[in-house]
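> Following this message is one structure expressed as structure tokens.
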Amino acid sequence: MTSTFQPTIETGSASTTPAPATPAAVDRAEARTAHNYHPLPVVIEHAEGAWMTDVDGRRFLDLLAGYSALNFGHSNPRLVEAARAQLGQLTLTSRAFIHDRFADFCAELGDLCGKDLVLPMNTGAEAVETAIKVARKWGYDVKGVPADAARIIVASGNFHGRTTTIVGFSDDPDARDGFGPFAPGFDTVPYGDLAALEAAITPETVAVLIEPIQGEGGVVLPPDGYLRGVRAACTANNVLFAADEIQAGLGRTGRTFACDHEGVVPDLYVLGKALGGGIVPVSAVVGDRDVLGVLAPGQHGSTFGGNPLACAVGTEVVRMLAGGEFQARAAELGDLMRERLEALLGHGLVGVRVRGLWAGIDIDPALGTGREICERLMARGVLAKDTHGSTIRFAPPLVIEPADLAWGLDQLADVLAEAR
Ligand SMILES: *Cc1c(COP(=O)(O)O)cnc(C)c1O
């Protein structure tokens with residue numbers, strides 16, 4: 001494996017005697033902020049590739065990659081150049097006018113997905129909302145569902161974003177409690193249970209919306225054949241399959257899309273995170289004309305969706321993925337990560353789930369919470385984030401050097417050994 005993915009970064013370990021992160025800088029950041037996050041106490045100043053440096057010059061290996069938004073690494077030279085060139089040219093027109101970066105982005109992203117049409121938005125939640133609207137509109141206009149009767153099947157343990165509609169069909173009390181009333185029209189079935197999903201389909205069902213791998217849930221892999229079964233059930237019942245690939249897609253799992261692992265093509269791809277190259281928020285819903293074509297002017301939109309800067313970066317992202325090198329690298333590094341993590345089963349880990357360069361690990365609760373382990377990792381120069389309770393997710397930038405990844409996982413082994 002060459003280092004062409006990270007041409008400007010020198011590799012190596014973080015400082016060997018890490019001190020706690022600058023308390024003053026942490027306090028200042030927290031003082032005037034709504035506390036809807038509980039960040040690790042570190043204040044990052046710059047970053048390149050898989051390495052971040054804090055305000056005191058300490059280096060940290062990034063094993064989160066902005067929840068997969070940084071699949072191509074921090075300050076990826078190709079993406080930064082695309083953004084820089086576009087900044088001096090044109091940044092926003094709104095969709096009232098057409099700009100010269102729009103056509104390529106939509107055509108090339110459509111080609112990557114094997115679909116006709118692209119509807120660009122900004123954040124992931126907006127793309128999910130878009131998919132919900134498209135599915136309902138399709139249900140009424142094409143499937144013939146009676147007005148306002150459309151239902152969408154979702155899975156337990158899902159994470160699709162933070163809007164009021166989306167948290168309404170979450171089953172995470174933190175995400176949902178205190179934010180009702182919620183939009184009706186969603187039916188929840190256990191994730192991975194095909195029979196339950198099939199049984200939940202009614203004549204009013206317009207779509208099944210699932211993550212092909214549940215990211216926030218802790219990198220939860222469905223049983224083999226599940227996605228194929230969902231596809232078949234949707235086809236048989238004239239229901240759309242909307243795959244939320246916002247975190248799983250675009251190279252993370254070793255394939256372009258997580259659905260590719262089962263050779264499954266959904267009706268709607270819901271994309272975000274890495275599509276913006278870690279530079280700007282870019283999301284999209286991608287589908288064929290018979291589905292996405294149901295929207296007419298004025299029925300949906302976004303002031304910033306598909307803006308020139310987003311399209312310039314997004315097009316470069318699509319071109320980088322079209323070559324397949326990042327997917328191959330994710331698969332190869334994923335094997336290394338799987339081997340290292342599985343070796344820790346019974347030595348501090350009680351669960352390991354890996355697909356490509358993406359892992360959910362369950363810490364033996366006797367050793368501490370996921371948060372405590374992440375704090376100990378931070379003290380050793382590794383940044384990762386717990387998701388639920390004792391589960392930690394690893395999603396390193398796909399450009400990470402194998403030696404750095406191995407070093408980061410050594411730190412985990414040491415932290416677990418210390419805690420035992
Ligand atoms: C992050 C995420 C979202 C929401 O994306 P935002 O850009 O934070 O709105 C939706 N679905 C999945 C699977 C995600 O991982």
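Ordered as shown in the structure tokens, chains take letters A, B, and onward, while each chain numbers its residues from 1 and ligands are numbered from 1 in the order shown.
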For ligand 1, return the neighbouring residues as a list in words (distance at most 8 Å; only C-alpha atoms and all ligand atoms).

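The residues near ligand 1 are Tyr67, Asn122, Thr123, Gly124, Ala125, Glu126, Ala127, Val128, Asn158, Phe159, His160, Gly161, Arg162, Glu211, Gln214, Gly215, Glu216, Asp244, Glu245, Ile246, Gln247, Ala248, Gly272, Lys273, Pro281 and Ser283 of chain A.
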
> Need to verify the contact set: Gly251 of chain A, 9 Å, only C-alpha atoms, exclusion of same-chain residues closer than 6 positions in sequence. Can you return it as a compact mmCIF listing (two decimals) with N, CA, C and O atoms, in the first residue's frame?


# COMPACT_ATOMS: atom_id res chain seq x y z
N ASN A 71 -14.10 10.95 5.05
CA ASN A 71 -13.57 9.71 4.47
C ASN A 71 -12.25 9.94 3.73
O ASN A 71 -11.39 9.07 3.71
N PHE A 257 -21.24 1.55 -1.99
CA PHE A 257 -22.41 1.61 -1.10
C PHE A 257 -22.47 0.34 -0.25
O PHE A 257 -22.03 -0.73 -0.69
N ALA A 258 -23.00 0.48 0.94
CA ALA A 258 -23.14 -0.70 1.79
C ALA A 258 -24.08 -1.72 1.15
O ALA A 258 -23.91 -2.92 1.34
N ALA A 274 -19.75 12.18 3.60
CA ALA A 274 -18.53 12.22 2.79
C ALA A 274 -18.72 12.92 1.45
O ALA A 274 -17.73 13.32 0.82
N LEU A 321 -14.18 8.60 -6.07
CA LEU A 321 -14.80 7.29 -5.81
C LEU A 321 -14.93 6.45 -7.08
O LEU A 321 -14.94 5.22 -7.02
N GLY A 324 -12.38 3.72 -7.61
CA GLY A 324 -12.43 2.52 -6.79
C GLY A 324 -11.29 2.35 -5.80
O GLY A 324 -11.30 1.42 -5.00
N PHE A 326 -10.35 4.11 -3.21
CA PHE A 326 -10.68 4.34 -1.79
C PHE A 326 -11.47 3.16 -1.23
O PHE A 326 -11.27 2.76 -0.08
N GLN A 327 -12.35 2.61 -2.07
CA GLN A 327 -13.11 1.45 -1.63
C GLN A 327 -12.15 0.29 -1.35
O GLN A 327 -12.28 -0.40 -0.33
N ALA A 328 -11.19 0.10 -2.28
CA ALA A 328 -10.23 -1.01 -2.11
C ALA A 328 -9.40 -0.81 -0.85
O ALA A 328 -9.12 -1.76 -0.11
N ARG A 329 -9.02 0.43 -0.62
CA ARG A 329 -8.21 0.71 0.56
C ARG A 329 -9.01 0.47 1.85
O ARG A 329 -8.48 -0.07 2.82
N ALA A 330 -10.28 0.87 1.83
CA ALA A 330 -11.12 0.63 3.00
C ALA A 330 -11.23 -0.86 3.29
O ALA A 330 -11.17 -1.30 4.44
N ALA A 331 -11.37 -1.65 2.23
CA ALA A 331 -11.49 -3.11 2.41
C ALA A 331 -10.20 -3.68 2.99
O ALA A 331 -10.22 -4.48 3.93
N GLY A 356 -15.62 -3.19 6.17
CA GLY A 356 -14.69 -2.23 5.60
C GLY A 356 -13.92 -1.55 6.71
O GLY A 356 -13.61 -2.17 7.74
N LEU A 357 -13.65 -0.27 6.55
CA LEU A 357 -12.89 0.46 7.57
C LEU A 357 -13.85 1.11 8.57
O LEU A 357 -13.83 2.32 8.80
N LEU A 398 -10.23 7.16 5.32
CA LEU A 398 -9.79 6.04 4.47
C LEU A 398 -8.34 6.22 4.03
O LEU A 398 -7.73 5.28 3.52

> Just the alpha helix (DSSP H) stuff from segment 120-184 of chain A, please, per backbone DSSP, written as an MDAnalysis selection string.

chainID A and resid 124:138 164:168 173:176

> Could you state the separation of atom CA of Val219 of chain A and atom CA of Val399 of chain A in Å, given to one decimal place?

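Answer for the atom CA of Val219 of chain A to atom CA of Val399 of chain A separation: 20.1 Å.
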
> Looking at A:Ala183, A:Ala65, A:Val286, A:Val382, which one is nearest to Asp404 of chain A, with distances taken over only C-alpha atoms?

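Of all the options, A:Val382 lies closest to Asp404 of chain A.
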
> Skip Leu336 of chain A itself and residues of its chain fewer than 3 positions away, then list as number ranges by chain all residues within 12 Å of it, counting only C-alpha atoms.

A: 329-333, 339-343, 354-359, 401-409

> Could you give me the residues within segment 26-96 of chain A that DSSP places in strand (DSSP E or B), as a list in words?

Ile44, Glu45, His46, Ala47, Glu48, Gly49, Trp51, Met52, Thr53, Asp54, Arg59, Phe60, Leu61, Asp62 and His74 of chain A

> Could you turn the residues from that selection into a file that holds N, CA and C atoms, as a PDB file, in the first residue's frame?


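Once everything was written out, this is again.pdb:
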ATOM      1  N   ILE A  44      -9.165  21.414  18.683  1.00  0.00           N
ATOM      2  CA  ILE A  44      -8.341  21.159  17.491  1.00  0.00           C
ATOM      3  C   ILE A  44      -8.093  22.462  16.737  1.00  0.00           C
ATOM      4  N   GLU A  45      -6.882  22.586  16.258  1.00  0.00           N
ATOM      5  CA  GLU A  45      -6.530  23.801  15.520  1.00  0.00           C
ATOM      6  C   GLU A  45      -6.308  23.536  14.035  1.00  0.00           C
ATOM      7  N   HIS A  46      -5.628  22.456  13.710  1.00  0.00           N
ATOM      8  CA  HIS A  46      -5.516  22.112  12.288  1.00  0.00           C
ATOM      9  C   HIS A  46      -5.353  20.609  12.135  1.00  0.00           C
ATOM     10  N   ALA A  47      -5.487  20.167  10.900  1.00  0.00           N
ATOM     11  CA  ALA A  47      -5.458  18.728  10.661  1.00  0.00           C
ATOM     12  C   ALA A  47      -5.097  18.448   9.215  1.00  0.00           C
ATOM     13  N   GLU A  48      -4.462  17.308   9.034  1.00  0.00           N
ATOM     14  CA  GLU A  48      -4.104  16.854   7.696  1.00  0.00           C
ATOM     15  C   GLU A  48      -4.187  15.341   7.669  1.00  0.00           C
ATOM     16  N   GLY A  49      -4.793  14.809   6.649  1.00  0.00           N
ATOM     17  CA  GLY A  49      -4.889  13.350   6.543  1.00  0.00           C
ATOM     18  C   GLY A  49      -5.667  12.785   7.720  1.00  0.00           C
ATOM     19  N   TRP A  51      -4.429  12.946  10.869  1.00  0.00           N
ATOM     20  CA  TRP A  51      -3.874  13.526  12.098  1.00  0.00           C
ATOM     21  C   TRP A  51      -4.412  14.925  12.358  1.00  0.00           C
ATOM     22  N   MET A  52      -4.778  15.173  13.624  1.00  0.00           N
ATOM     23  CA  MET A  52      -5.250  16.480  14.032  1.00  0.00           C
ATOM     24  C   MET A  52      -4.277  17.030  15.084  1.00  0.00           C
ATOM     25  N   THR A  53      -4.160  18.348  15.112  1.00  0.00           N
ATOM     26  CA  THR A  53      -3.272  18.990  16.084  1.00  0.00           C
ATOM     27  C   THR A  53      -4.090  19.976  16.902  1.00  0.00           C
ATOM     28  N   ASP A  54      -3.905  19.955  18.215  1.00  0.00           N
ATOM     29  CA  ASP A  54      -4.716  20.848  19.043  1.00  0.00           C
ATOM     30  C   ASP A  54      -4.012  22.189  19.261  1.00  0.00           C
ATOM     31  N   ARG A  59      -0.578  16.193  18.886  1.00  0.00           N
ATOM     32  CA  ARG A  59      -1.128  15.503  17.725  1.00  0.00           C
ATOM     33  C   ARG A  59      -2.022  14.346  18.170  1.00  0.00           C
ATOM     34  N   PHE A  60      -3.103  14.203  17.437  1.00  0.00           N
ATOM     35  CA  PHE A  60      -4.058  13.135  17.721  1.00  0.00           C
ATOM     36  C   PHE A  60      -4.400  12.405  16.429  1.00  0.00           C
ATOM     37  N   LEU A  61      -4.468  11.096  16.528  1.00  0.00           N
ATOM     38  CA  LEU A  61      -4.927  10.290  15.398  1.00  0.00           C
ATOM     39  C   LEU A  61      -6.457  10.276  15.402  1.00  0.00           C
ATOM     40  N   ASP A  62      -7.043  10.639  14.276  1.00  0.00           N
ATOM     41  CA  ASP A  62      -8.497  10.750  14.177  1.00  0.00           C
ATOM     42  C   ASP A  62      -9.098   9.403  13.770  1.00  0.00           C
ATOM     43  N   HIS A  74      -8.538  14.800   6.388  1.00  0.00           N
ATOM     44  CA  HIS A  74      -8.537  16.249   6.595  1.00  0.00           C
ATOM     45  C   HIS A  74      -7.693  16.904   5.503  1.00  0.00           C
TER      46      HIS A  74
END

> What is the distance between atom CA of Arg371 of chain A and atom CA of Pro397 of chain A, in Å to one decimal?

20.9 Å

> Smallest atom-to-atom distance to Gly351 of chain A: which of A:Arg380, A:Arg393, A:Arg84, A:Lys115, using only C-alpha atoms?

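Closest to Gly351 of chain A of all the choices is A:Arg393.
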
> Measuring between only C-alpha atoms, which one of A:Phe105, A:Tyr37, A:Trp138, A:Phe72 shows the shortest distance to Arg289 of chain A?

A:Trp138

> Taking 4 positions as the minimum chain separation for residues in the same chain, which residues sit within 7 Å of Gly139 of chain A when counting only C-alpha atoms? Answer as a PyMOL selection string.

chain A and resi 135+143-145+150+206

> Residues at most 10 Å from Pro184 of chain A, counting only C-alpha atoms, excluding those fewer than 2 positions away in the same chain, as a CSV table (one decimal) with all heavy atoms, in the first residue's frame?


chain,number,residue,atom,x,y,z
A,148,ASP,N,-53.1,11.5,2.1
A,148,ASP,CA,-52.6,11.5,3.5
A,148,ASP,C,-52.6,10.2,4.3
A,148,ASP,O,-52.6,10.1,5.5
A,148,ASP,CB,-53.5,12.5,4.3
A,148,ASP,CG,-53.3,13.9,3.8
A,148,ASP,OD1,-52.2,14.2,3.2
A,148,ASP,OD2,-54.2,14.8,4.1
A,149,ALA,N,-52.7,9.1,3.5
A,149,ALA,CA,-52.7,7.8,4.2
A,149,ALA,C,-51.3,7.0,4.1
A,149,ALA,O,-51.2,6.0,4.6
A,149,ALA,CB,-53.8,6.9,3.5
A,150,ALA,N,-50.4,7.6,3.4
A,150,ALA,CA,-49.1,6.9,3.1
A,150,ALA,C,-48.4,6.6,4.4
A,150,ALA,O,-48.4,7.3,5.4
A,150,ALA,CB,-48.2,7.8,2.3
A,151,ARG,N,-47.8,5.4,4.4
A,151,ARG,CA,-47.0,4.9,5.6
A,151,ARG,C,-45.6,4.5,5.1
A,151,ARG,O,-45.4,4.0,4.0
A,151,ARG,CB,-47.7,3.7,6.2
A,151,ARG,CG,-49.2,4.1,6.7
A,151,ARG,CD,-49.7,3.2,7.8
A,151,ARG,NE,-48.9,3.3,9.0
A,151,ARG,CZ,-49.2,4.3,9.9
A,151,ARG,NH1,-50.1,5.2,9.7
A,151,ARG,NH2,-48.4,4.4,11.0
A,152,ILE,N,-44.7,4.7,6.0
A,152,ILE,CA,-43.3,4.4,5.7
A,152,ILE,C,-42.8,3.5,6.8
A,152,ILE,O,-43.0,3.8,8.0
A,152,ILE,CB,-42.4,5.7,5.6
A,152,ILE,CG1,-42.9,6.5,4.3
A,152,ILE,CG2,-40.9,5.3,5.5
A,152,ILE,CD1,-42.2,7.8,4.2
A,165,THR,N,-39.7,15.5,12.3
A,165,THR,CA,-40.3,14.3,11.7
A,165,THR,C,-39.4,13.1,12.0
A,165,THR,O,-39.9,12.0,12.3
A,165,THR,CB,-40.5,14.5,10.2
A,165,THR,OG1,-41.5,15.5,10.0
A,165,THR,CG2,-40.9,13.3,9.5
A,168,GLY,N,-39.2,11.8,15.5
A,168,GLY,CA,-40.5,11.2,15.8
A,168,GLY,C,-40.5,9.7,15.5
A,168,GLY,O,-41.3,9.0,16.1
A,169,PHE,N,-39.7,9.2,14.6
A,169,PHE,CA,-39.7,7.7,14.4
A,169,PHE,C,-38.4,7.1,14.8
A,169,PHE,O,-38.0,6.0,14.5
A,169,PHE,CB,-40.0,7.3,12.9
A,169,PHE,CG,-39.2,7.9,11.8
A,169,PHE,CD1,-37.9,7.4,11.5
A,169,PHE,CD2,-39.6,9.0,11.1
A,169,PHE,CE1,-37.2,7.9,10.5
A,169,PHE,CE2,-38.9,9.5,10.1
A,169,PHE,CZ,-37.6,9.0,9.8
A,181,PRO,N,-45.3,17.1,19.6
A,181,PRO,CA,-45.9,16.0,18.9
A,181,PRO,C,-45.2,15.7,17.6
A,181,PRO,O,-44.5,16.6,17.0
A,181,PRO,CB,-47.3,16.5,18.6
A,181,PRO,CG,-47.2,18.0,18.5
A,181,PRO,CD,-46.1,18.3,19.5
A,182,PHE,N,-45.3,14.5,17.2
A,182,PHE,CA,-44.6,14.0,16.0
A,182,PHE,C,-45.5,13.7,14.8
A,182,PHE,O,-46.7,13.4,15.0
A,182,PHE,CB,-43.8,12.7,16.3
A,182,PHE,CG,-42.8,12.9,17.5
A,182,PHE,CD1,-42.9,12.2,18.6
A,182,PHE,CD2,-41.8,13.9,17.3
A,182,PHE,CE1,-42.0,12.4,19.7
A,182,PHE,CE2,-40.9,14.1,18.3
A,182,PHE,CZ,-40.9,13.3,19.5
A,186,PHE,N,-45.4,6.5,10.3
A,186,PHE,CA,-44.3,5.6,10.3
A,186,PHE,C,-44.6,4.4,11.1
A,186,PHE,O,-45.2,4.5,12.2
A,186,PHE,CB,-43.1,6.4,10.9
A,186,PHE,CG,-42.7,7.6,10.0
A,186,PHE,CD1,-43.2,8.9,10.3
A,186,PHE,CD2,-41.9,7.5,8.9
A,186,PHE,CE1,-42.9,10.0,9.5
A,186,PHE,CE2,-41.6,8.5,8.1
A,186,PHE,CZ,-42.1,9.8,8.4
A,187,ASP,N,-44.1,3.3,10.6
A,187,ASP,CA,-44.2,2.0,11.3
A,187,ASP,C,-42.8,1.4,11.6
A,187,ASP,O,-42.0,1.3,10.7
A,187,ASP,CB,-45.0,1.0,10.5
A,187,ASP,CG,-46.4,1.5,10.2
A,187,ASP,OD1,-47.2,1.9,11.2
A,187,ASP,OD2,-46.8,1.6,9.0

> Any idea what's packed within 7 Å of segment 304-318 of chain A, counting only C-alpha atoms, ignoring anything in its chain fewer than 5 positions away? Could you give it as a ChimeraX atom specification?

/A:79,82-83,86-87,90-94,99,101-102,104-105,108-109,120-122,275-277,280,282
